[in-house]
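Everything below belongs to work_32.cif, which stores mmCIF, N, CA and C atoms.
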data_model
loop_
_atom_site.label_atom_id
_atom_site.label_comp_id
_atom_site.auth_asym_id
_atom_site.auth_seq_id
_atom_site.Cartn_x
_atom_site.Cartn_y
_atom_site.Cartn_z
N MET G 20 41.86 57.05 -8.54
CA MET G 20 40.59 56.95 -9.21
C MET G 20 40.12 58.32 -9.68
N ALA G 21 40.41 59.37 -8.94
CA ALA G 21 39.98 60.72 -9.33
C ALA G 21 40.67 61.15 -10.61
N ASP G 22 41.88 60.66 -10.86
CA ASP G 22 42.59 61.05 -12.06
C ASP G 22 41.95 60.43 -13.30
N ASP G 23 41.26 59.28 -13.14
CA ASP G 23 40.64 58.63 -14.28
C ASP G 23 39.45 59.40 -14.82
N CYS G 24 38.78 60.18 -13.96
CA CYS G 24 37.56 60.85 -14.41
C CYS G 24 37.75 62.34 -14.61
N CYS G 25 38.95 62.88 -14.44
CA CYS G 25 39.19 64.31 -14.60
C CYS G 25 39.86 64.58 -15.94
N LYS G 26 39.43 65.65 -16.59
CA LYS G 26 39.98 66.04 -17.89
C LYS G 26 40.28 67.53 -17.86
N THR G 27 41.18 67.96 -18.73
CA THR G 27 41.51 69.38 -18.87
C THR G 27 41.18 69.81 -20.28
N THR G 28 40.44 70.92 -20.39
CA THR G 28 40.08 71.43 -21.71
C THR G 28 41.21 72.28 -22.26
N GLU G 29 41.08 72.75 -23.50
CA GLU G 29 42.12 73.55 -24.14
C GLU G 29 42.34 74.89 -23.46
N ASP G 30 41.27 75.45 -22.85
CA ASP G 30 41.42 76.75 -22.22
C ASP G 30 41.86 76.65 -20.75
N GLY G 31 42.23 75.47 -20.28
CA GLY G 31 42.79 75.30 -18.95
C GLY G 31 41.79 74.99 -17.86
N VAL G 32 40.56 74.70 -18.21
CA VAL G 32 39.56 74.36 -17.21
C VAL G 32 39.61 72.86 -16.95
N ILE G 33 39.67 72.50 -15.68
CA ILE G 33 39.68 71.09 -15.29
C ILE G 33 38.28 70.73 -14.85
N TYR G 34 37.76 69.64 -15.38
CA TYR G 34 36.44 69.18 -14.94
C TYR G 34 36.53 67.71 -14.57
N CYS G 35 35.74 67.33 -13.57
CA CYS G 35 35.71 65.96 -13.09
C CYS G 35 34.28 65.47 -13.10
N THR G 36 34.08 64.24 -13.53
CA THR G 36 32.78 63.60 -13.49
C THR G 36 32.74 62.71 -12.26
N LEU G 37 31.82 63.02 -11.34
CA LEU G 37 31.69 62.24 -10.12
C LEU G 37 30.65 61.16 -10.35
N LEU G 38 31.04 59.91 -10.15
CA LEU G 38 30.16 58.78 -10.40
C LEU G 38 29.56 58.29 -9.09
N PRO G 39 28.40 57.64 -9.15
CA PRO G 39 27.84 57.04 -7.95
C PRO G 39 28.77 55.95 -7.42
N SER G 40 28.72 55.70 -6.12
CA SER G 40 29.62 54.71 -5.54
C SER G 40 29.36 53.34 -6.14
N GLY G 41 30.41 52.61 -6.38
CA GLY G 41 30.30 51.27 -6.92
C GLY G 41 30.28 51.21 -8.44
N GLN G 42 30.33 52.33 -9.12
CA GLN G 42 30.29 52.33 -10.58
C GLN G 42 31.62 52.87 -11.09
N SER G 43 32.21 52.12 -12.01
CA SER G 43 33.49 52.56 -12.56
C SER G 43 33.26 53.48 -13.75
N LEU G 44 34.30 54.19 -14.14
CA LEU G 44 34.21 55.11 -15.28
C LEU G 44 33.96 54.34 -16.57
N LYS G 45 34.55 53.18 -16.71
CA LYS G 45 34.35 52.37 -17.91
C LYS G 45 32.88 51.95 -18.05
N GLU G 46 32.24 51.54 -16.93
CA GLU G 46 30.83 51.17 -16.98
C GLU G 46 29.97 52.35 -17.38
N LYS G 47 30.28 53.54 -16.84
CA LYS G 47 29.51 54.73 -17.16
C LYS G 47 29.69 55.13 -18.62
N GLN G 48 30.91 55.03 -19.15
CA GLN G 48 31.14 55.37 -20.55
C GLN G 48 30.41 54.40 -21.47
N ASP G 49 30.39 53.11 -21.12
CA ASP G 49 29.65 52.13 -21.91
C ASP G 49 28.16 52.44 -21.90
N GLN G 50 27.65 52.83 -20.72
CA GLN G 50 26.24 53.15 -20.60
C GLN G 50 25.90 54.39 -21.40
N VAL G 51 26.77 55.39 -21.40
CA VAL G 51 26.52 56.63 -22.13
C VAL G 51 26.61 56.38 -23.63
N GLN G 52 27.58 55.57 -24.08
CA GLN G 52 27.74 55.31 -25.50
C GLN G 52 26.57 54.53 -26.07
N THR G 53 26.00 53.62 -25.28
CA THR G 53 24.84 52.88 -25.75
C THR G 53 23.55 53.64 -25.53
N GLY G 54 23.62 54.79 -24.89
CA GLY G 54 22.44 55.59 -24.66
C GLY G 54 21.68 55.17 -23.42
N GLY G 55 22.13 54.14 -22.72
CA GLY G 55 21.44 53.67 -21.54
C GLY G 55 20.09 53.05 -21.86
N THR G 56 19.84 52.74 -23.13
CA THR G 56 18.56 52.18 -23.53
C THR G 56 18.76 50.82 -24.17
N ALA G 57 17.66 50.27 -24.63
CA ALA G 57 17.70 48.96 -25.24
C ALA G 57 18.38 49.03 -26.62
N SER G 58 18.78 47.88 -27.12
CA SER G 58 19.42 47.81 -28.42
C SER G 58 18.41 48.15 -29.51
N PRO G 59 18.88 48.56 -30.69
CA PRO G 59 17.96 48.91 -31.78
C PRO G 59 17.05 47.76 -32.18
N LEU G 60 17.54 46.53 -32.13
CA LEU G 60 16.69 45.39 -32.48
C LEU G 60 15.56 45.25 -31.47
N TRP G 61 15.90 45.40 -30.19
CA TRP G 61 14.88 45.28 -29.15
C TRP G 61 13.86 46.43 -29.28
N GLN G 62 14.30 47.64 -29.62
CA GLN G 62 13.37 48.75 -29.82
C GLN G 62 12.44 48.48 -30.99
N LYS G 63 12.96 47.86 -32.04
CA LYS G 63 12.12 47.53 -33.19
C LYS G 63 11.08 46.47 -32.81
N ILE G 64 11.49 45.49 -32.01
CA ILE G 64 10.56 44.44 -31.60
C ILE G 64 9.47 45.01 -30.70
N ARG G 65 9.86 45.80 -29.69
CA ARG G 65 8.85 46.31 -28.78
C ARG G 65 7.97 47.37 -29.45
N GLY G 66 8.51 48.12 -30.42
CA GLY G 66 7.68 49.04 -31.18
C GLY G 66 6.64 48.30 -32.00
N GLY G 67 7.06 47.21 -32.64
CA GLY G 67 6.12 46.38 -33.39
C GLY G 67 5.08 45.73 -32.50
N ALA G 68 5.49 45.32 -31.30
CA ALA G 68 4.54 44.73 -30.36
C ALA G 68 3.51 45.76 -29.91
N MET G 69 3.93 47.00 -29.70
CA MET G 69 2.98 48.04 -29.32
C MET G 69 2.01 48.33 -30.46
N PHE G 70 2.48 48.28 -31.70
CA PHE G 70 1.58 48.44 -32.82
C PHE G 70 0.57 47.29 -32.89
N ALA G 71 1.01 46.06 -32.58
CA ALA G 71 0.09 44.92 -32.56
C ALA G 71 -0.96 45.09 -31.47
N VAL G 72 -0.54 45.55 -30.29
CA VAL G 72 -1.49 45.80 -29.20
C VAL G 72 -2.48 46.87 -29.62
N GLY G 73 -1.98 47.93 -30.27
CA GLY G 73 -2.86 48.99 -30.74
C GLY G 73 -3.87 48.49 -31.76
N CYS G 74 -3.47 47.58 -32.63
CA CYS G 74 -4.40 47.02 -33.62
C CYS G 74 -5.45 46.14 -32.97
N VAL G 75 -5.04 45.33 -31.99
CA VAL G 75 -5.99 44.44 -31.32
C VAL G 75 -6.99 45.24 -30.49
N LEU G 76 -6.55 46.33 -29.86
CA LEU G 76 -7.43 47.13 -29.02
C LEU G 76 -8.15 48.23 -29.79
N SER G 77 -7.97 48.29 -31.10
CA SER G 77 -8.58 49.36 -31.89
C SER G 77 -10.11 49.21 -31.91
N PRO G 78 -10.82 50.28 -32.21
CA PRO G 78 -12.29 50.23 -32.21
C PRO G 78 -12.88 49.23 -33.19
N CYS G 79 -12.15 48.81 -34.19
CA CYS G 79 -12.72 47.83 -35.12
C CYS G 79 -12.71 46.41 -34.54
N CYS G 80 -11.82 46.14 -33.59
CA CYS G 80 -11.74 44.80 -32.99
C CYS G 80 -12.47 44.69 -31.66
N THR G 81 -12.73 45.82 -31.01
CA THR G 81 -13.34 45.74 -29.67
C THR G 81 -14.75 45.14 -29.67
N PRO G 82 -15.59 45.30 -30.74
CA PRO G 82 -16.89 44.61 -30.69
C PRO G 82 -16.76 43.09 -30.66
N LEU G 83 -15.63 42.56 -31.06
CA LEU G 83 -15.40 41.12 -30.96
C LEU G 83 -14.76 40.75 -29.62
N LEU G 84 -13.87 41.61 -29.12
CA LEU G 84 -13.12 41.29 -27.91
C LEU G 84 -13.92 41.48 -26.62
N VAL G 85 -14.73 42.53 -26.56
CA VAL G 85 -15.44 42.82 -25.31
C VAL G 85 -16.44 41.71 -24.96
N PRO G 86 -17.30 41.25 -25.88
CA PRO G 86 -18.19 40.14 -25.51
C PRO G 86 -17.43 38.86 -25.16
N LEU G 87 -16.32 38.62 -25.86
CA LEU G 87 -15.50 37.44 -25.55
C LEU G 87 -14.90 37.57 -24.15
N GLY G 88 -14.40 38.75 -23.82
CA GLY G 88 -13.85 38.98 -22.48
C GLY G 88 -14.90 38.87 -21.40
N LEU G 89 -16.11 39.39 -21.67
CA LEU G 89 -17.19 39.27 -20.70
C LEU G 89 -17.61 37.82 -20.51
N ALA G 90 -17.61 37.05 -21.60
CA ALA G 90 -17.96 35.63 -21.48
C ALA G 90 -16.91 34.86 -20.69
N LEU G 91 -15.64 35.19 -20.89
CA LEU G 91 -14.58 34.51 -20.15
C LEU G 91 -14.57 34.92 -18.68
N ALA G 92 -14.99 36.13 -18.38
CA ALA G 92 -14.98 36.62 -17.00
C ALA G 92 -16.35 36.47 -16.33
N ALA G 93 -17.25 35.70 -16.91
CA ALA G 93 -18.61 35.57 -16.40
C ALA G 93 -18.60 35.10 -14.94
N GLY G 94 -19.45 35.74 -14.15
CA GLY G 94 -19.57 35.38 -12.75
C GLY G 94 -18.60 36.09 -11.83
N THR G 95 -17.76 36.94 -12.37
CA THR G 95 -16.80 37.67 -11.54
C THR G 95 -17.30 39.10 -11.32
N PRO G 96 -16.84 39.75 -10.28
CA PRO G 96 -17.24 41.15 -10.08
C PRO G 96 -16.82 42.06 -11.24
N PHE G 97 -15.71 41.76 -11.87
CA PHE G 97 -15.28 42.56 -13.02
C PHE G 97 -16.29 42.48 -14.16
N ALA G 98 -16.82 41.29 -14.43
CA ALA G 98 -17.79 41.12 -15.51
C ALA G 98 -19.07 41.90 -15.21
N VAL G 99 -19.49 41.91 -13.95
CA VAL G 99 -20.68 42.68 -13.57
C VAL G 99 -20.43 44.16 -13.79
N TRP G 100 -19.28 44.64 -13.31
CA TRP G 100 -18.95 46.06 -13.46
C TRP G 100 -18.82 46.44 -14.94
N ALA G 101 -18.12 45.60 -15.71
CA ALA G 101 -17.90 45.91 -17.12
C ALA G 101 -19.20 45.90 -17.91
N SER G 102 -20.13 45.01 -17.59
CA SER G 102 -21.40 44.99 -18.31
C SER G 102 -22.27 46.19 -17.95
N LEU G 103 -22.12 46.72 -16.74
CA LEU G 103 -22.86 47.92 -16.35
C LEU G 103 -22.23 49.19 -16.92
N ASN G 104 -20.94 49.16 -17.20
CA ASN G 104 -20.21 50.32 -17.71
C ASN G 104 -19.58 50.01 -19.06
N ILE G 105 -20.37 49.48 -19.98
CA ILE G 105 -19.83 49.02 -21.26
C ILE G 105 -19.26 50.17 -22.09
N GLY G 106 -19.85 51.35 -22.00
CA GLY G 106 -19.33 52.51 -22.73
C GLY G 106 -17.96 52.91 -22.24
N LEU G 107 -17.75 52.84 -20.92
CA LEU G 107 -16.44 53.15 -20.34
C LEU G 107 -15.39 52.13 -20.79
N VAL G 108 -15.79 50.87 -20.89
CA VAL G 108 -14.86 49.82 -21.34
C VAL G 108 -14.43 50.08 -22.79
N TYR G 109 -15.41 50.41 -23.66
CA TYR G 109 -15.06 50.70 -25.06
C TYR G 109 -14.18 51.94 -25.16
N GLY G 110 -14.49 52.96 -24.36
CA GLY G 110 -13.67 54.18 -24.37
C GLY G 110 -12.25 53.93 -23.88
N ALA G 111 -12.11 53.12 -22.81
CA ALA G 111 -10.79 52.81 -22.28
C ALA G 111 -9.97 52.00 -23.28
N LEU G 112 -10.61 51.06 -23.95
CA LEU G 112 -9.88 50.27 -24.95
C LEU G 112 -9.45 51.13 -26.14
N THR G 113 -10.28 52.08 -26.54
CA THR G 113 -9.91 52.99 -27.62
C THR G 113 -8.74 53.87 -27.20
N LEU G 114 -8.79 54.38 -25.96
CA LEU G 114 -7.69 55.20 -25.46
C LEU G 114 -6.40 54.39 -25.38
N LEU G 115 -6.48 53.15 -24.90
CA LEU G 115 -5.29 52.29 -24.87
C LEU G 115 -4.75 52.02 -26.26
N SER G 116 -5.63 51.89 -27.23
CA SER G 116 -5.20 51.69 -28.61
C SER G 116 -4.43 52.90 -29.12
N ILE G 117 -4.93 54.09 -28.86
CA ILE G 117 -4.26 55.31 -29.30
C ILE G 117 -2.90 55.45 -28.62
N VAL G 118 -2.86 55.21 -27.31
CA VAL G 118 -1.59 55.31 -26.57
C VAL G 118 -0.60 54.28 -27.09
N SER G 119 -1.06 53.07 -27.39
CA SER G 119 -0.17 52.03 -27.92
C SER G 119 0.42 52.43 -29.27
N PHE G 120 -0.40 53.01 -30.13
CA PHE G 120 0.11 53.48 -31.42
C PHE G 120 1.16 54.58 -31.24
N ILE G 121 0.89 55.52 -30.33
CA ILE G 121 1.83 56.62 -30.12
C ILE G 121 3.15 56.12 -29.55
N VAL G 122 3.08 55.24 -28.54
CA VAL G 122 4.30 54.71 -27.92
C VAL G 122 5.07 53.85 -28.93
N GLY G 123 4.37 53.02 -29.69
CA GLY G 123 5.03 52.21 -30.71
C GLY G 123 5.72 53.06 -31.76
N TRP G 124 5.06 54.13 -32.20
CA TRP G 124 5.66 55.05 -33.17
C TRP G 124 6.90 55.72 -32.58
N HIS G 125 6.80 56.14 -31.32
CA HIS G 125 7.94 56.80 -30.66
C HIS G 125 9.12 55.84 -30.55
N TRP G 126 8.86 54.60 -30.17
CA TRP G 126 9.96 53.63 -30.05
C TRP G 126 10.59 53.33 -31.39
N LEU G 127 9.80 53.25 -32.43
CA LEU G 127 10.38 52.99 -33.75
C LEU G 127 11.15 54.20 -34.25
N GLN G 128 10.68 55.41 -33.97
CA GLN G 128 11.39 56.62 -34.40
C GLN G 128 12.65 56.86 -33.58
N SER G 129 12.64 56.55 -32.29
CA SER G 129 13.85 56.72 -31.49
C SER G 129 14.91 55.73 -31.92
N ASN G 130 14.51 54.59 -32.44
CA ASN G 130 15.45 53.62 -32.98
C ASN G 130 16.17 54.22 -34.19
N LYS G 131 15.43 54.89 -35.06
CA LYS G 131 16.04 55.51 -36.24
C LYS G 131 16.94 56.67 -35.84
N ALA G 132 16.52 57.46 -34.85
CA ALA G 132 17.30 58.61 -34.43
C ALA G 132 18.59 58.18 -33.75
N SER G 133 18.55 57.11 -32.96
CA SER G 133 19.75 56.68 -32.25
C SER G 133 20.77 56.07 -33.19
N THR G 134 20.34 55.46 -34.30
CA THR G 134 21.31 54.88 -35.22
C THR G 134 21.90 55.92 -36.16
N SER G 135 21.15 57.00 -36.45
CA SER G 135 21.67 57.97 -37.41
C SER G 135 22.42 59.13 -36.76
N ASP G 136 22.08 59.49 -35.52
CA ASP G 136 22.68 60.65 -34.87
C ASP G 136 23.25 60.24 -33.52
N PRO G 137 24.54 59.87 -33.46
CA PRO G 137 25.10 59.49 -32.17
C PRO G 137 25.16 60.68 -31.22
N LYS G 138 24.93 60.39 -29.94
CA LYS G 138 24.93 61.44 -28.92
C LYS G 138 26.34 61.72 -28.46
N PRO G 139 26.59 62.93 -27.95
CA PRO G 139 27.89 63.18 -27.35
C PRO G 139 28.09 62.33 -26.11
N ALA G 140 29.34 62.20 -25.71
CA ALA G 140 29.68 61.29 -24.62
C ALA G 140 29.02 61.64 -23.31
N ASN G 141 28.72 62.91 -23.05
CA ASN G 141 28.15 63.28 -21.77
C ASN G 141 26.69 63.68 -21.87
N ALA G 142 25.98 63.26 -22.89
CA ALA G 142 24.61 63.69 -23.11
C ALA G 142 23.65 63.12 -22.07
N ASN G 143 23.89 61.91 -21.58
CA ASN G 143 22.94 61.28 -20.68
C ASN G 143 23.32 61.41 -19.21
N LEU G 144 24.31 62.19 -18.91
CA LEU G 144 24.70 62.35 -17.51
C LEU G 144 23.75 63.31 -16.82
N SER G 145 23.26 62.93 -15.65
CA SER G 145 22.40 63.84 -14.90
C SER G 145 23.26 64.83 -14.15
N ILE G 146 22.61 65.81 -13.53
CA ILE G 146 23.35 66.85 -12.81
C ILE G 146 24.10 66.25 -11.64
N ARG G 147 23.51 65.28 -10.96
CA ARG G 147 24.20 64.65 -9.83
C ARG G 147 25.45 63.91 -10.27
N GLU G 148 25.35 63.23 -11.40
CA GLU G 148 26.47 62.43 -11.85
C GLU G 148 27.56 63.27 -12.50
N HIS G 149 27.21 64.42 -12.99
CA HIS G 149 28.17 65.24 -13.73
C HIS G 149 28.30 66.60 -13.05
N ARG G 150 29.11 66.65 -12.05
CA ARG G 150 29.39 67.91 -11.35
C ARG G 150 30.70 68.45 -11.89
N VAL G 151 30.65 69.64 -12.32
CA VAL G 151 31.83 70.24 -12.91
C VAL G 151 32.55 71.07 -11.84
N VAL G 152 33.81 70.74 -11.66
CA VAL G 152 34.64 71.49 -10.72
C VAL G 152 35.65 72.25 -11.57
N GLU G 153 35.52 73.56 -11.56
CA GLU G 153 36.39 74.37 -12.40
C GLU G 153 37.54 74.94 -11.55
N THR G 154 38.69 74.73 -12.03
CA THR G 154 39.87 75.35 -11.42
C THR G 154 40.77 75.83 -12.54
N LYS G 155 41.54 76.83 -12.27
CA LYS G 155 42.47 77.33 -13.27
C LYS G 155 43.78 76.59 -13.15
N GLN G 156 44.32 76.25 -14.28
CA GLN G 156 45.58 75.54 -14.29
C GLN G 156 46.71 76.54 -14.01
N ARG G 157 47.60 76.14 -13.13
CA ARG G 157 48.70 77.05 -12.74
C ARG G 157 49.88 76.91 -13.64
#
Could I get this file's structure written as structure tokens?
Amino acid sequence: MADDCCKTTEDGVIYCTLLPSGQSLKEKQDQVQTGGTASPLWQKIRGGAMFAVGCVLSPCCTPLLVPLGLALAAGTPFAVWASLNIGLVYGALTLLSIVSFIVGWHWLQSNKASTSDPKPANANLSIREHRVVETKQR
């Protein structure tokens, strides 16, 4: 098994990638080649969903959503707290809207970056998983 994960460079340096127990080299290479992340279609869907959440929670929709939410939660401790701290509720919803837009934009941009610029084979290996053992070839 150690021979499967060891390589020799042109200048005679031997390096070995040590994998966590129970994981084969083929599984690790598949994970590295796919980036260890979701597929581009899934990134596009979740980026669009975050944009939808950002639009619903935006300051233009919150005057409609907050009274509706308070009416649905009537009689609960949350409704009492939210009606006493209505400014905090509007501020939190605005902040969530901004964060949703930023995360949605990031997911959509990482989708474009992953399809146009493939990563090297060892780009996603952490220090624990990729320990380099250097020896000189005799």
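Using all atoms listed in the file, the smallest distance between any of G:Ile64, G:Met69, G:Val108, G:Ile121 and Val85 of chain G comes from G:Val108.
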Tell me which protein, DNA and RNA residues are within 12 Å of Cys79 of chain G, counting only C-alpha atoms, leaving out same-chain ones fewer than 4 positions away, and put them as a PDB file with N, CA and C atoms, in the frame of the given file.
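In the end it all went to around00.pdb:
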ATOM      1  N   GLY G  73      -1.980  47.930 -30.270  1.00  0.00           N
ATOM      2  CA  GLY G  73      -2.860  48.990 -30.740  1.00  0.00           C
ATOM      3  C   GLY G  73      -3.870  48.490 -31.760  1.00  0.00           C
ATOM      4  N   CYS G  74      -3.470  47.580 -32.630  1.00  0.00           N
ATOM      5  CA  CYS G  74      -4.400  47.020 -33.620  1.00  0.00           C
ATOM      6  C   CYS G  74      -5.450  46.140 -32.970  1.00  0.00           C
ATOM      7  N   VAL G  75      -5.040  45.330 -31.990  1.00  0.00           N
ATOM      8  CA  VAL G  75      -5.990  44.440 -31.320  1.00  0.00           C
ATOM      9  C   VAL G  75      -6.990  45.240 -30.490  1.00  0.00           C
ATOM     10  N   LEU G  83     -15.630  42.560 -31.060  1.00  0.00           N
ATOM     11  CA  LEU G  83     -15.400  41.120 -30.960  1.00  0.00           C
ATOM     12  C   LEU G  83     -14.760  40.750 -29.620  1.00  0.00           C
ATOM     13  N   LEU G  84     -13.870  41.610 -29.120  1.00  0.00           N
ATOM     14  CA  LEU G  84     -13.120  41.290 -27.910  1.00  0.00           C
ATOM     15  C   LEU G  84     -13.920  41.480 -26.620  1.00  0.00           C
ATOM     16  N   VAL G  85     -14.730  42.530 -26.560  1.00  0.00           N
ATOM     17  CA  VAL G  85     -15.440  42.820 -25.310  1.00  0.00           C
ATOM     18  C   VAL G  85     -16.440  41.710 -24.960  1.00  0.00           C
ATOM     19  N   TYR G 109     -15.410  50.410 -23.660  1.00  0.00           N
ATOM     20  CA  TYR G 109     -15.060  50.700 -25.060  1.00  0.00           C
ATOM     21  C   TYR G 109     -14.180  51.940 -25.160  1.00  0.00           C
ATOM     22  N   LEU G 112     -10.610  51.060 -23.950  1.00  0.00           N
ATOM     23  CA  LEU G 112      -9.880  50.270 -24.950  1.00  0.00           C
ATOM     24  C   LEU G 112      -9.450  51.130 -26.140  1.00  0.00           C
ATOM     25  N   THR G 113     -10.280  52.080 -26.540  1.00  0.00           N
ATOM     26  CA  THR G 113      -9.910  52.990 -27.620  1.00  0.00           C
ATOM     27  C   THR G 113      -8.740  53.870 -27.200  1.00  0.00           C
ATOM     28  N   SER G 116      -5.630  51.890 -27.230  1.00  0.00           N
ATOM     29  CA  SER G 116      -5.200  51.690 -28.610  1.00  0.00           C
ATOM     30  C   SER G 116      -4.430  52.900 -29.120  1.00  0.00           C
TER      31      SER G 116
END
Notebook entry, point to check: Among segment 71-128 of chain G, which ones does DSSP place in alpha helix (DSSP H), written as a ChimeraX atom specification?
Noted result: /G:71-75,81-91,96-103,105-128
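Pairwise distance (atom N of Ala68 of chain G, atom C of Ala111 of chain G) equals 18.7 Å.
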How big is the axis-aligned box around all listed atoms of segment 84-90 of chain G once 6 Å goes on each side, and where's its centre, in Å to one decimal, as lines of an AutoDock Vina configuration file?
center_x = -15.7
center_y = 38.8
center_z = -24.8
size_x = 17.1
size_y = 20.0
size_z = 20.6
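Atom CA of Ala71 of chain G to atom N of Asn104 of chain G spans 26.4 Å [interatomic distance, one decimal].
Counting from atom C of Cys80 of chain G, the distance to atom CA of Leu114 of chain G is 13.1 Å.
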Notebook entry, point to check: Counting all atoms listed in the file, what is within 7 Å of Leu115 of chain G, bar same-chain residues fewer than 4 positions away, as number ranges by chain?
Noted result: G: 72-73, 76-77, 110-111, 119-120
With a distance cut-off of 10 Å and only C-alpha atoms, select the neighbouring residues of Gly88 of chain G, excluding the residue or stretch itself and same-chain residues fewer than 5 positions from it, and output the selection as an mmCIF file with N, CA and C atoms, in the frame of the given file.
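File written: part-v8.cif
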data_model
loop_
_atom_site.group_PDB
_atom_site.id
_atom_site.type_symbol
_atom_site.label_atom_id
_atom_site.label_comp_id
_atom_site.auth_asym_id
_atom_site.auth_seq_id
_atom_site.Cartn_x
_atom_site.Cartn_y
_atom_site.Cartn_z
ATOM 1 N N THR G 81 -12.730 45.820 -31.010
ATOM 2 C CA THR G 81 -13.340 45.740 -29.670
ATOM 3 C C THR G 81 -14.750 45.140 -29.670
ATOM 4 N N LEU G 83 -15.630 42.560 -31.060
ATOM 5 C CA LEU G 83 -15.400 41.120 -30.960
ATOM 6 C C LEU G 83 -14.760 40.750 -29.620
ATOM 7 N N ALA G 93 -17.250 35.700 -16.910
ATOM 8 C CA ALA G 93 -18.610 35.570 -16.400
ATOM 9 C C ALA G 93 -18.600 35.100 -14.940
ATOM 10 N N ALA G 98 -16.820 41.290 -14.430
ATOM 11 C CA ALA G 98 -17.790 41.120 -15.510
ATOM 12 C C ALA G 98 -19.070 41.900 -15.210
ATOM 13 N N ALA G 101 -18.120 45.600 -15.710
ATOM 14 C CA ALA G 101 -17.900 45.910 -17.120
ATOM 15 C C ALA G 101 -19.200 45.900 -17.910
#
